[in-house]
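Beneath this line is the structure, given in structure tokens, with notes to follow.
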Amino acid sequence: MAGVPEAVEAAKRHPVRIIPGVEISAVHSPSDESGSGAEEPVHILAYYGSWGPARPQELERFLAGIREGRYARANKMLLKLRGLGMPMKLEDVCTIAGNGVAPGRLHVARAMVDAGYVEDLRQAFSRYLYDGGPAYATGSEPTAESVVQLVCRTGGVAVLAHPWALKNPGAVIKNLKAAGLHGIEVYRSDGKVSGLSDLADTYELLKLGGSDFHGRDDKEEPDVGSVDLPVLAVLKFLEIAKPIWHNAIREIFASISERTTDLNGSNGFQRISSAGDFCIPRHSSEDPELTSVSEVEVLRTEVTDIVLTHQ
């Protein structure tokens, strides 16, 4: 999520609107009802409104735990690669990842290319690093159900990414729907529509799609915007998302108001007008040091957009 503010600023120079989001790695373990089998990796997409998550600290703590686990995961992958005759150092992988960035499979793959063990990133993934591959390893990924519940709790729209890659998509979708899942990806970057479209209808889930672009420098990796997503699918997405995002905004305002109340003993906002059932607040504190400058700036620059979106 750290790149969202930069993306929002860049979008101001182009006819692009940013929807803050994150793809969260998780694992799904089959329940007794869904049949036997080993757990498998699952990716959950979280789409937030222009203000971001309603509980940013909770989301950040959750993501920080996953990032910490990635260092242990990278070590496991390197140990497996060493056993396959491809020794590498974690320090080199972390250098490729960049300062403060938790290493992932992509960075390990790039280290493999640099070391001359594979010709390109595609070969690194297709031979060694694919899900369940000889050098694949898991970290401290949370359960898919807990991720969906977190996204819902923090004011986001939860979507299952590329379900056609799962071994048992029906069981996964059924379990995640019970946890609060809003949609699944159906439209693929190769122009095909996943056969899981009927399953989305069965569980009344949104049908979405994405390029799954990760900047792998792979000529065969789908580019940003490569998915032909029908306008009707976007409209249905916004129909579901808007009330969720508006509730998140209310929670954010309430949180800011509570903080100013704690500081000066009175409610820090007054109602000055409304649009539908959404109130436009004005900060009433006379002491500019009682409120974060960034919070006031956010209120000033975003409230118009919120009202227009609501209308």
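Identifiers for the structure tokens are assigned positionally: chains receive A, B, ... in sequence, residues are indexed from 1 per chain, and ligands are indexed from 1 in the order shown.
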List as a short mmCIF file (atom, residue, chain, number, x, y, z; two decimals) with N, CA, C and O atoms, in the first residue's frame the protein and nucleic acid residues near segment 188-199 of chain A, meaning an atom at most 6 Å away when only C-alpha atoms are counted, but skip any in the same chain fewer than 4 places from it.
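File out-v3.cif, as written:
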```
data_model
loop_
_atom_site.label_atom_id
_atom_site.label_comp_id
_atom_site.auth_asym_id
_atom_site.auth_seq_id
_atom_site.Cartn_x
_atom_site.Cartn_y
_atom_site.Cartn_z
N SER A 211 -5.09 -7.96 -14.93
CA SER A 211 -3.96 -8.43 -15.73
C SER A 211 -3.00 -9.29 -14.92
O SER A 211 -2.23 -10.07 -15.49
N SER A 226 -4.63 -5.12 -19.93
CA SER A 226 -4.78 -6.11 -21.00
C SER A 226 -6.09 -6.89 -20.92
O SER A 226 -6.44 -7.62 -21.84
N VAL A 227 -6.81 -6.74 -19.82
CA VAL A 227 -8.06 -7.48 -19.66
C VAL A 227 -9.23 -6.66 -20.18
O VAL A 227 -9.39 -5.48 -19.83
#
```
As a VMD selection string, list the residues of segment 124-236 of chain A assigned to helix (DSSP H, G or I) by DSSP on the backbone atoms of this structure.
-> chain A and resid 124 to 129 144 to 153 163 to 165 169 to 179 197 to 202 231 to 236
Please identify which residues in segment 22-270 of chain A DSSP calls strand (DSSP E) from the backbone, and express them as a ChimeraX atom specification.
-> /A:22-28,40-47,157-160,183-187,206-209,269-270
Keeping only N, CA and C atoms, write those residues as an mmCIF file, in the first residue's frame.
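So selection-v6.cif came out as:
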```cif
data_model
loop_
_atom_site.group_PDB
_atom_site.id
_atom_site.type_symbol
_atom_site.label_atom_id
_atom_site.label_comp_id
_atom_site.auth_asym_id
_atom_site.auth_seq_id
_atom_site.Cartn_x
_atom_site.Cartn_y
_atom_site.Cartn_z
ATOM 1 N N VAL A 22 -4.624 -3.853 -2.693
ATOM 2 C CA VAL A 22 -3.482 -4.710 -2.361
ATOM 3 C C VAL A 22 -3.864 -6.152 -2.633
ATOM 4 N N GLU A 23 -2.895 -6.932 -3.102
ATOM 5 C CA GLU A 23 -3.089 -8.370 -3.288
ATOM 6 C C GLU A 23 -2.400 -9.085 -2.134
ATOM 7 N N ILE A 24 -3.161 -9.846 -1.377
ATOM 8 C CA ILE A 24 -2.651 -10.470 -0.163
ATOM 9 C C ILE A 24 -2.523 -11.984 -0.363
ATOM 10 N N SER A 25 -1.323 -12.501 -0.107
ATOM 11 C CA SER A 25 -1.092 -13.941 -0.217
ATOM 12 C C SER A 25 -1.634 -14.641 1.027
ATOM 13 N N ALA A 26 -2.319 -15.739 0.811
ATOM 14 C CA ALA A 26 -2.911 -16.501 1.914
ATOM 15 C C ALA A 26 -2.874 -17.983 1.568
ATOM 16 N N VAL A 27 -3.367 -18.801 2.469
ATOM 17 C CA VAL A 27 -3.474 -20.235 2.213
ATOM 18 C C VAL A 27 -4.895 -20.692 2.539
ATOM 19 N N HIS A 28 -5.360 -21.664 1.785
ATOM 20 C CA HIS A 28 -6.673 -22.241 2.044
ATOM 21 C C HIS A 28 -6.501 -23.711 2.387
ATOM 22 N N GLU A 40 -3.503 -24.991 -0.231
ATOM 23 C CA GLU A 40 -2.917 -24.392 -1.420
ATOM 24 C C GLU A 40 -2.922 -22.874 -1.299
ATOM 25 N N PRO A 41 -1.981 -22.216 -1.979
ATOM 26 C CA PRO A 41 -1.917 -20.755 -1.906
ATOM 27 C C PRO A 41 -3.105 -20.101 -2.598
ATOM 28 N N VAL A 42 -3.577 -19.035 -1.996
ATOM 29 C CA VAL A 42 -4.718 -18.276 -2.511
ATOM 30 C C VAL A 42 -4.361 -16.794 -2.443
ATOM 31 N N HIS A 43 -4.776 -16.043 -3.449
ATOM 32 C CA HIS A 43 -4.512 -14.607 -3.459
ATOM 33 C C HIS A 43 -5.830 -13.838 -3.376
ATOM 34 N N ILE A 44 -5.914 -12.970 -2.381
ATOM 35 C CA ILE A 44 -7.113 -12.169 -2.157
ATOM 36 C C ILE A 44 -6.820 -10.707 -2.519
ATOM 37 N N LEU A 45 -7.689 -10.118 -3.339
ATOM 38 C CA LEU A 45 -7.564 -8.715 -3.726
ATOM 39 C C LEU A 45 -8.448 -7.861 -2.830
ATOM 40 N N ALA A 46 -7.907 -6.753 -2.360
ATOM 41 C CA ALA A 46 -8.672 -5.815 -1.530
ATOM 42 C C ALA A 46 -8.749 -4.489 -2.258
ATOM 43 N N TYR A 47 -9.968 -4.037 -2.555
ATOM 44 C CA TYR A 47 -10.184 -2.756 -3.223
ATOM 45 C C TYR A 47 -10.798 -1.778 -2.231
ATOM 46 N N VAL A 157 -13.477 -4.125 -0.593
ATOM 47 C CA VAL A 157 -14.177 -5.137 -1.379
ATOM 48 C C VAL A 157 -13.211 -6.303 -1.582
ATOM 49 N N ALA A 158 -13.613 -7.482 -1.159
ATOM 50 C CA ALA A 158 -12.733 -8.659 -1.204
ATOM 51 C C ALA A 158 -13.034 -9.505 -2.437
ATOM 52 N N VAL A 159 -11.987 -9.775 -3.225
ATOM 53 C CA VAL A 159 -12.144 -10.516 -4.479
ATOM 54 C C VAL A 159 -11.081 -11.610 -4.563
ATOM 55 N N LEU A 160 -11.471 -12.782 -5.018
ATOM 56 C CA LEU A 160 -10.536 -13.894 -5.201
ATOM 57 C C LEU A 160 -9.856 -13.756 -6.559
ATOM 58 N N GLY A 183 -16.468 -11.071 -4.637
ATOM 59 C CA GLY A 183 -16.366 -11.384 -6.056
ATOM 60 C C GLY A 183 -15.200 -12.290 -6.373
ATOM 61 N N ILE A 184 -15.146 -12.737 -7.629
ATOM 62 C CA ILE A 184 -14.033 -13.538 -8.116
ATOM 63 C C ILE A 184 -13.627 -13.013 -9.493
ATOM 64 N N GLU A 185 -12.369 -13.238 -9.835
ATOM 65 C CA GLU A 185 -11.923 -12.882 -11.181
ATOM 66 C C GLU A 185 -12.423 -13.943 -12.152
ATOM 67 N N VAL A 186 -13.035 -13.478 -13.233
ATOM 68 C CA VAL A 186 -13.577 -14.357 -14.267
ATOM 69 C C VAL A 186 -12.966 -14.025 -15.626
ATOM 70 N N TYR A 187 -12.765 -12.728 -15.877
ATOM 71 C CA TYR A 187 -12.229 -12.275 -17.161
ATOM 72 C C TYR A 187 -10.708 -12.365 -17.143
ATOM 73 N N LEU A 206 -19.529 -10.941 -7.582
ATOM 74 C CA LEU A 206 -19.133 -10.078 -8.677
ATOM 75 C C LEU A 206 -18.200 -10.824 -9.620
ATOM 76 N N LYS A 207 -18.300 -10.506 -10.912
ATOM 77 C CA LYS A 207 -17.395 -11.077 -11.908
ATOM 78 C C LYS A 207 -16.428 -9.988 -12.356
ATOM 79 N N LEU A 208 -15.155 -10.156 -11.992
ATOM 80 C CA LEU A 208 -14.161 -9.137 -12.301
ATOM 81 C C LEU A 208 -12.988 -9.768 -13.053
ATOM 82 N N GLY A 209 -11.939 -8.988 -13.246
ATOM 83 C CA GLY A 209 -10.769 -9.486 -13.945
ATOM 84 C C GLY A 209 -9.605 -8.535 -13.745
ATOM 85 N N PHE A 269 -15.739 18.568 15.058
ATOM 86 C CA PHE A 269 -16.341 18.835 13.762
ATOM 87 C C PHE A 269 -17.783 19.310 13.934
ATOM 88 N N GLN A 270 -18.221 20.159 13.025
ATOM 89 C CA GLN A 270 -19.594 20.637 13.005
ATOM 90 C C GLN A 270 -20.192 20.362 11.647
#
```
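Of the listed residues A:Asp92, A:Glu145, A:Asp201, A:Glu220, the one whose atoms come nearest to Arg122 of chain A is A:Glu220, with distances taken using only C-alpha atoms.
Of the residues under consideration (A:Pro169, A:Gly156, A:Gly215, A:Pro103), A:Gly156 shows the shortest atom-to-atom contact distance to Phe237 of chain A when counting only C-alpha atoms.
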Tell me which protein, DNA and RNA residues are within 12 Å of Glu60 of chain A, counting only C-alpha atoms, leaving out same-chain ones fewer than 5 positions away, and put them as number ranges by chain.
-> A: 1-2, 22, 24, 52-55, 65-67, 150-151, 154
Please provide the set of residues having any atom within 10 Å of Val108 of chain A, restricted to only C-alpha atoms, with same-chain residues fewer than 2 positions apart removed, written as a PyMOL selection string.
-> chain A and resi 74-75+77-78+81+88-90+92-94+96-97+103-106+110-114+121+124-125+129
